[in-house]
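Right, one structure below, let's go through it.
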Amino acid sequence: MATAFVFPGQGSQQIGMGKALADAFPVARAVFDEVDAALGQHLSKIIWEGPEADLTLTENTQPALMAVSVAVMRVLEAEHGVTLAKHAKFVAGHSLGEYSALAAAGTFSLADTARLLKIRGKAMQAAVPVGQGAMAAILALDFATVSAVAAEAAQGEVCQAANDNSDGQVVVSGTKAAVDRACEIAKAKGAKRAILLPVSAPFHCALMQLAADAMAEALGKVAMHAPVVPVIANVLASPLTDPRAIRQALVSQVTGTVRWRECVAYMAANGVNVFVEAGAGKVLTGLAKKNAPEATAINAATPEEIAALAASLKSS
């Protein structure tokens with residue numbers, strides 16, 4: 001059995017996430033305390049008590065989801081002796097989740113990861129004025145078709161395939177008018193649905209260039225180490241261990257496509273038959289079942305789920 005740990009992205013957040021871990025395990029509580037200190041804000045209070053509008057601010061959502069994921073990994077190690085070095089073949093994360101994966105794998109310190117994601121969230125929000133950009137999920141068309149739809153819809157504006165989540169679930173991103181056109185073109189080409197997403201900015205497209213520049217500067221200032229296991233980079237759908245290559249992939253990721261379908265396919269093709277989603281929500285668990293139907297997909301977020309996972313990993 002080969003296992004990959006995957007880490008969720010924006011949209012998986014919910015009020016109260018990680019609270020049971022922090023209450024039960026000092027090692028988890030310490031993660032939230034360290035993130036609070038690194039950011040100079042009581043983020044854990046927002047995570048556990050809300051209001052939801054504050055948690056869904058991109059600059060808060062990103063470090064919050066990372067904190068929950070890292071808390072899960074710290075509990076696995078401290079309480080159950082499960083480590084990435086011993087029990088994982090790869091790590092990967094969806095968009096911001098790639099930072100969670102790298103924090104878990106030792107590339108970044110926890111404090112640096114929190115600060116990087118705060119910068120990333122602010123920069124992505126600031127890159128495009130509210131209302132000028134949009135994202136939409138196109139259902140029941142494959143990636144190649146949606147890419148062609150986006151190109152047709154651009155008409156001199158920006159419209160790109162931003163997230164290739166699974167076969168039949170591709171997200172487009174760009175200027176509001178271009179994304180609206182893409183929705184209509186997609187429906188004409190047989191899309192089952194084209195759904196505008198409730199996001200505050202058009203992520204993973206060329207409109208995010210200012211944010212990419214900000215991340216290039218920020219990433220250039222932090223210490224980076226080789227991860228204890230390879231990370232499957234969003235923009236490459238292939239493994240990286242060299243910190244310089246990881247840095248470049250993280251910069252490219254801001255404006256590039258999250259190639260999640262291919263990331264999962266790569267891991268499955270290279271022996272992974274168990275995908276563990278470490279952190280809030282079950283989005284990646286569902287996508288693993290679609291993208292690698294022969295594999296087992298497990299979510300680990302609560303003390304009970306973590307204990308069950310540890311038992312299964314150590315018995316295999």
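Ordering of the structure tokens sets the chain letters (A, B, ...), residue numbers begin anew at 1 in every chain, and ligands are numbered from 1 in the order given.
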
Leaving out range 239-248 of chain A and any residue of its chain fewer than 2 positions from it, which residues lie within 9 Å of it when counting only C-alpha atoms, given as a PyMOL selection string? chain A and resi 90+107+216+219-220+224-233+236-237+250-253+266

Contact check, range 45-144 of chain A to range 269-293 of chain A, at most 7 Å, counting only C-alpha atoms, closest pairs as CSV:
residue,atom,partner,partner_atom,distance
A:Leu65,CA,A:Ala280,CA,6.9
A:Val68,CA,A:Gly279,CA,5.6
A:Ser69,CA,A:Gly279,CA,4.2
A:Val72,CA,A:Ala278,CA,6.3

Could those residues be written to a file, using N, CA and C atoms, as a PDB file, in the first residue's frame?
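Generated file (result_24.pdb):
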ATOM      1  N   LEU A  65      -7.178  27.457   6.936  1.00  0.00           N
ATOM      2  CA  LEU A  65      -7.234  26.083   6.437  1.00  0.00           C
ATOM      3  C   LEU A  65      -5.890  25.388   6.609  1.00  0.00           C
ATOM      4  N   VAL A  68      -5.450  24.218  10.280  1.00  0.00           N
ATOM      5  CA  VAL A  68      -6.200  22.989  10.585  1.00  0.00           C
ATOM      6  C   VAL A  68      -5.474  21.765  10.018  1.00  0.00           C
ATOM      7  N   SER A  69      -5.011  21.869   8.780  1.00  0.00           N
ATOM      8  CA  SER A  69      -4.311  20.735   8.162  1.00  0.00           C
ATOM      9  C   SER A  69      -3.036  20.373   8.917  1.00  0.00           C
ATOM     10  N   VAL A  72      -3.802  18.589  12.155  1.00  0.00           N
ATOM     11  CA  VAL A  72      -4.081  17.166  11.921  1.00  0.00           C
ATOM     12  C   VAL A  72      -2.775  16.377  11.836  1.00  0.00           C
TER      13      VAL A  72
END

Using only C-alpha atoms, which residues sit within 10 Å of range 133-138 of chain A once same-chain residues fewer than 5 positions away are excluded, as a ChimeraX atom specification? /A:128,143,146,158-165,168-180,182-183,186-187,191-205,207

With C-alpha atoms retained, could you export that selection as a compact mmCIF listing (two decimals), in the first residue's frame?
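The result, written out as result30.txt:
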# COMPACT_ATOMS: atom_id res chain seq x y z
CA VAL A 128 -8.49 42.77 -9.28
CA PHE A 143 -10.59 20.00 -19.84
CA VAL A 146 -13.38 23.94 -21.60
CA VAL A 158 -8.88 37.24 -19.96
CA CYS A 159 -10.60 33.85 -19.70
CA GLN A 160 -8.70 30.71 -18.72
CA ALA A 161 -9.31 27.21 -17.45
CA ALA A 162 -8.27 27.75 -13.85
CA ASN A 163 -8.97 24.45 -12.07
CA ASP A 164 -9.02 21.05 -13.75
CA ASN A 165 -10.61 19.29 -10.79
CA GLY A 168 -16.35 16.91 -16.14
CA GLN A 169 -15.58 19.52 -13.47
CA VAL A 170 -13.46 22.39 -14.79
CA VAL A 171 -13.45 25.96 -13.48
CA VAL A 172 -12.88 29.00 -15.69
CA SER A 173 -11.59 32.34 -14.44
CA GLY A 174 -11.20 35.81 -15.90
CA THR A 175 -12.98 39.09 -16.47
CA LYS A 176 -16.67 39.01 -15.58
CA ALA A 177 -17.90 39.57 -19.13
CA ALA A 178 -15.61 36.88 -20.57
CA VAL A 179 -16.63 34.33 -17.95
CA ASP A 180 -20.30 35.07 -18.64
CA ALA A 182 -17.82 31.20 -21.46
CA CYS A 183 -20.87 29.97 -19.54
CA ALA A 186 -20.19 25.96 -22.70
CA LYS A 187 -23.92 25.35 -22.46
CA ALA A 191 -22.27 21.48 -20.59
CA LYS A 192 -24.78 20.16 -18.08
CA ARG A 193 -24.39 23.31 -15.99
CA ALA A 194 -22.27 26.46 -15.87
CA ILE A 195 -22.33 27.91 -12.36
CA LEU A 196 -20.87 31.24 -11.30
CA LEU A 197 -18.92 30.68 -8.09
CA PRO A 198 -19.24 32.88 -4.97
CA VAL A 199 -15.61 34.02 -4.97
CA SER A 200 -14.17 37.45 -4.31
CA ALA A 201 -11.59 37.43 -7.11
CA PRO A 202 -10.71 35.54 -10.33
CA PHE A 203 -8.02 33.17 -9.07
CA HIS A 204 -5.55 31.21 -11.22
CA CYS A 205 -5.63 33.40 -14.31
CA LEU A 207 -5.43 38.82 -13.92

Long-range neighbours of Ala22 in chain A as a PyMOL selection string, 10 Å cut-off, only C-alpha atoms, 4 positions minimum in chain: chain A and resi 17-18+26-33+44+68+71-72+75+303

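Taking CA of Val70 in chain A as the reference point, CA of Thr113 in chain A is found at 10.4 Å.
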
Could you give me, as a JSON list (two decimals) with N, CA and C atoms, in the first residue's frame, the residues within 12 Å of Ala64 in chain A, counting only C-alpha atoms and dropping anything in the same chain fewer than 4 positions from it?
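And here's out_12.json as it stands now:
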[["chain", "number", "residue", "atom", "x", "y", "z"],
["A", 8, "PRO", "N", -6.62, 20.38, 1.57],
["A", 8, "PRO", "CA", -7.71, 21.10, 0.91],
["A", 8, "PRO", "C", -7.42, 22.57, 0.65],
["A", 9, "GLY", "N", -8.18, 23.12, -0.30],
["A", 9, "GLY", "CA", -8.08, 24.52, -0.66],
["A", 9, "GLY", "C", -9.30, 25.32, -0.25],
["A", 10, "GLN", "N", -9.35, 26.55, -0.74],
["A", 10, "GLN", "CA", -10.42, 27.46, -0.37],
["A", 10, "GLN", "C", -11.79, 26.89, -0.74],
["A", 11, "GLY", "N", -12.75, 27.12, 0.13],
["A", 11, "GLY", "CA", -14.08, 26.57, -0.05],
["A", 11, "GLY", "C", -14.38, 25.46, 0.95],
["A", 12, "SER", "N", -13.34, 24.89, 1.57],
["A", 12, "SER", "CA", -13.53, 23.83, 2.55],
["A", 12, "SER", "C", -13.68, 24.36, 3.97],
["A", 13, "GLN", "N", -13.52, 25.66, 4.15],
["A", 13, "GLN", "CA", -13.56, 26.22, 5.50],
["A", 13, "GLN", "C", -14.95, 26.18, 6.11],
["A", 14, "GLN", "N", -15.00, 26.05, 7.43],
["A", 14, "GLN", "CA", -16.26, 26.14, 8.16],
["A", 14, "GLN", "C", -15.96, 26.57, 9.60],
["A", 15, "ILE", "N", -16.89, 27.32, 10.17],
["A", 15, "ILE", "CA", -16.71, 27.76, 11.54],
["A", 15, "ILE", "C", -16.60, 26.55, 12.46],
["A", 16, "GLY", "N", -15.62, 26.59, 13.35],
["A", 16, "GLY", "CA", -15.43, 25.50, 14.31],
["A", 16, "GLY", "C", -14.42, 24.46, 13.89],
["A", 17, "MET", "N", -13.92, 24.54, 12.67],
["A", 17, "MET", "CA", -12.98, 23.52, 12.20],
["A", 17, "MET", "C", -11.71, 23.53, 13.07],
["A", 18, "GLY", "N", -11.27, 22.34, 13.43],
["A", 18, "GLY", "CA", -10.06, 22.20, 14.23],
["A", 18, "GLY", "C", -10.24, 22.37, 15.72],
["A", 19, "LYS", "N", -11.43, 22.80, 16.17],
["A", 19, "LYS", "CA", -11.63, 23.08, 17.60],
["A", 19, "LYS", "C", -11.53, 21.80, 18.43],
["A", 31, "VAL", "N", -0.36, 24.65, 17.44],
["A", 31, "VAL", "CA", -0.35, 25.09, 16.04],
["A", 31, "VAL", "C", -1.13, 26.38, 15.89],
["A", 32, "PHE", "N", -2.34, 26.41, 16.45],
["A", 32, "PHE", "CA", -3.16, 27.61, 16.33],
["A", 32, "PHE", "C", -2.54, 28.80, 17.07],
["A", 33, "ASP", "N", -1.93, 28.54, 18.22],
["A", 33, "ASP", "CA", -1.26, 29.61, 18.97],
["A", 33, "ASP", "C", -0.10, 30.19, 18.16],
["A", 34, "GLU", "N", 0.65, 29.30, 17.51],
["A", 34, "GLU", "CA", 1.80, 29.77, 16.73],
["A", 34, "GLU", "C", 1.36, 30.58, 15.51],
["A", 35, "VAL", "N", 0.28, 30.14, 14.85],
["A", 35, "VAL", "CA", -0.25, 30.90, 13.71],
["A", 35, "VAL", "C", -0.76, 32.27, 14.17],
["A", 36, "ASP", "N", -1.48, 32.29, 15.30],
["A", 36, "ASP", "CA", -1.95, 33.57, 15.84],
["A", 36, "ASP", "C", -0.78, 34.52, 16.08],
["A", 39, "LEU", "N", 0.89, 35.87, 12.84],
["A", 39, "LEU", "CA", 0.08, 36.85, 12.11],
["A", 39, "LEU", "C", -0.24, 38.09, 12.93],
["A", 41, "GLN", "N", -2.66, 38.31, 15.04],
["A", 41, "GLN", "CA", -4.10, 38.42, 15.13],
["A", 41, "GLN", "C", -4.66, 37.15, 15.76],
["A", 42, "HIS", "N", -5.83, 37.25, 16.33],
["A", 42, "HIS", "CA", -6.46, 36.10, 16.97],
["A", 42, "HIS", "C", -7.26, 35.33, 15.92],
["A", 43, "LEU", "N", -6.53, 34.75, 14.96],
["A", 43, "LEU", "CA", -7.21, 34.03, 13.87],
["A", 43, "LEU", "C", -7.99, 32.84, 14.40],
["A", 44, "SER", "N", -7.46, 32.19, 15.43],
["A", 44, "SER", "CA", -8.15, 31.01, 15.95],
["A", 44, "SER", "C", -9.55, 31.37, 16.46],
["A", 45, "LYS", "N", -9.72, 32.55, 17.01],
["A", 45, "LYS", "CA", -11.06, 32.98, 17.47],
["A", 45, "LYS", "C", -12.02, 33.08, 16.29],
["A", 46, "ILE", "N", -11.52, 33.62, 15.16],
["A", 46, "ILE", "CA", -12.35, 33.71, 13.95],
["A", 46, "ILE", "C", -12.68, 32.31, 13.44],
["A", 47, "ILE", "N", -11.69, 31.41, 13.46],
["A", 47, "ILE", "CA", -11.92, 30.05, 12.97],
["A", 47, "ILE", "C", -13.01, 29.36, 13.78],
["A", 48, "TRP", "N", -12.97, 29.52, 15.08],
["A", 48, "TRP", "CA", -13.85, 28.74, 15.95],
["A", 48, "TRP", "C", -15.17, 29.44, 16.27],
["A", 50, "GLY", "N", -16.23, 32.61, 14.42],
["A", 50, "GLY", "CA", -16.70, 33.49, 13.36],
["A", 50, "GLY", "C", -16.45, 34.95, 13.69],
["A", 54, "ASP", "N", -15.88, 37.02, 8.26],
["A", 54, "ASP", "CA", -14.45, 37.23, 8.50],
["A", 54, "ASP", "C", -13.63, 36.00, 8.11],
["A", 55, "LEU", "N", -14.17, 34.82, 8.39],
["A", 55, "LEU", "CA", -13.44, 33.60, 8.02],
["A", 55, "LEU", "C", -13.33, 33.46, 6.50],
["A", 56, "THR", "N", -14.36, 33.91, 5.77],
["A", 56, "THR", "CA", -14.34, 33.74, 4.32],
["A", 56, "THR", "C", -13.53, 34.82, 3.60],
["A", 57, "LEU", "N", -13.02, 35.81, 4.33],
["A", 57, "LEU", "CA", -12.07, 36.73, 3.72],
["A", 57, "LEU", "C", -10.84, 35.93, 3.29],
["A", 58, "THR", "N", -10.43, 36.07, 2.06],
["A", 58, "THR", "CA", -9.35, 35.24, 1.52],
["A", 58, "THR", "C", -8.09, 35.29, 2.38],
["A", 59, "GLU", "N", -7.78, 36.46, 2.91],
["A", 59, "GLU", "CA", -6.54, 36.59, 3.71],
["A", 59, "GLU", "C", -6.63, 35.82, 5.02],
["A", 60, "ASN", "N", -7.85, 35.52, 5.50],
["A", 60, "ASN", "CA", -8.03, 34.71, 6.69],
["A", 60, "ASN", "C", -8.25, 33.23, 6.35],
["A", 68, "VAL", "N", -5.45, 24.22, 10.28],
["A", 68, "VAL", "CA", -6.20, 22.99, 10.59],
["A", 68, "VAL", "C", -5.47, 21.76, 10.02],
["A", 69, "SER", "N", -5.01, 21.87, 8.78],
["A", 69, "SER", "CA", -4.31, 20.74, 8.16],
["A", 69, "SER", "C", -3.04, 20.37, 8.92],
["A", 70, "VAL", "N", -2.27, 21.38, 9.30],
["A", 70, "VAL", "CA", -1.02, 21.11, 10.03],
["A", 70, "VAL", "C", -1.33, 20.54, 11.41],
["A", 71, "ALA", "N", -2.40, 21.02, 12.05],
["A", 71, "ALA", "CA", -2.80, 20.46, 13.34],
["A", 71, "ALA", "C", -3.10, 18.97, 13.22],
["A", 96, "LEU", "N", -4.09, 26.86, -2.33],
["A", 96, "LEU", "CA", -3.43, 27.18, -1.07],
["A", 96, "LEU", "C", -3.00, 25.92, -0.34],
["A", 97, "GLY", "N", -3.69, 24.80, -0.58],
["A", 97, "GLY", "CA", -3.33, 23.54, 0.06],
["A", 97, "GLY", "C", -1.93, 23.07, -0.27],
["A", 99, "TYR", "N", 0.63, 24.93, -0.05],
["A", 99, "TYR", "CA", 1.42, 25.49, 1.05],
["A", 99, "TYR", "C", 1.26, 24.64, 2.30],
["A", 100, "SER", "N", 0.05, 24.17, 2.57],
["A", 100, "SER", "CA", -0.17, 23.26, 3.71],
["A", 100, "SER", "C", 0.67, 22.01, 3.55],
["A", 110, "LEU", "N", 6.06, 26.63, 10.13],
["A", 110, "LEU", "CA", 4.64, 26.94, 10.30],
["A", 110, "LEU", "C", 4.41, 28.45, 10.29],
["A", 113, "THR", "N", 4.78, 29.85, 6.80],
["A", 113, "THR", "CA", 3.65, 29.46, 5.94],
["A", 113, "THR", "C", 2.45, 30.34, 6.22],
["A", 114, "ALA", "N", 2.17, 30.59, 7.49],
["A", 114, "ALA", "CA", 1.04, 31.46, 7.85],
["A", 114, "ALA", "C", 1.22, 32.86, 7.26],
["A", 115, "ARG", "N", 2.42, 33.39, 7.39],
["A", 115, "ARG", "CA", 2.67, 34.74, 6.86],
["A", 115, "ARG", "C", 2.60, 34.77, 5.34],
["A", 117, "LEU", "N", 0.78, 32.86, 3.42],
["A", 117, "LEU", "CA", -0.62, 32.74, 3.00],
["A", 117, "LEU", "C", -1.41, 34.01, 3.29],
["A", 118, "LYS", "N", -1.04, 34.72, 4.34],
["A", 118, "LYS", "CA", -1.67, 36.02, 4.60],
["A", 118, "LYS", "C", -1.34, 36.98, 3.46],
["A", 121, "GLY", "N", -3.20, 35.80, 0.28],
["A", 121, "GLY", "CA", -4.61, 36.13, 0.30],
["A", 121, "GLY", "C", -4.87, 37.61, 0.03],
["A", 279, "GLY", "N", -7.40, 17.59, 6.91],
["A", 279, "GLY", "CA", -7.93, 18.92, 7.16],
["A", 279, "GLY", "C", -9.41, 19.01, 6.93],
["A", 280, "ALA", "N", -9.87, 20.25, 6.79],
["A", 280, "ALA", "CA", -11.30, 20.54, 6.77],
["A", 280, "ALA", "C", -11.97, 20.07, 5.48]]
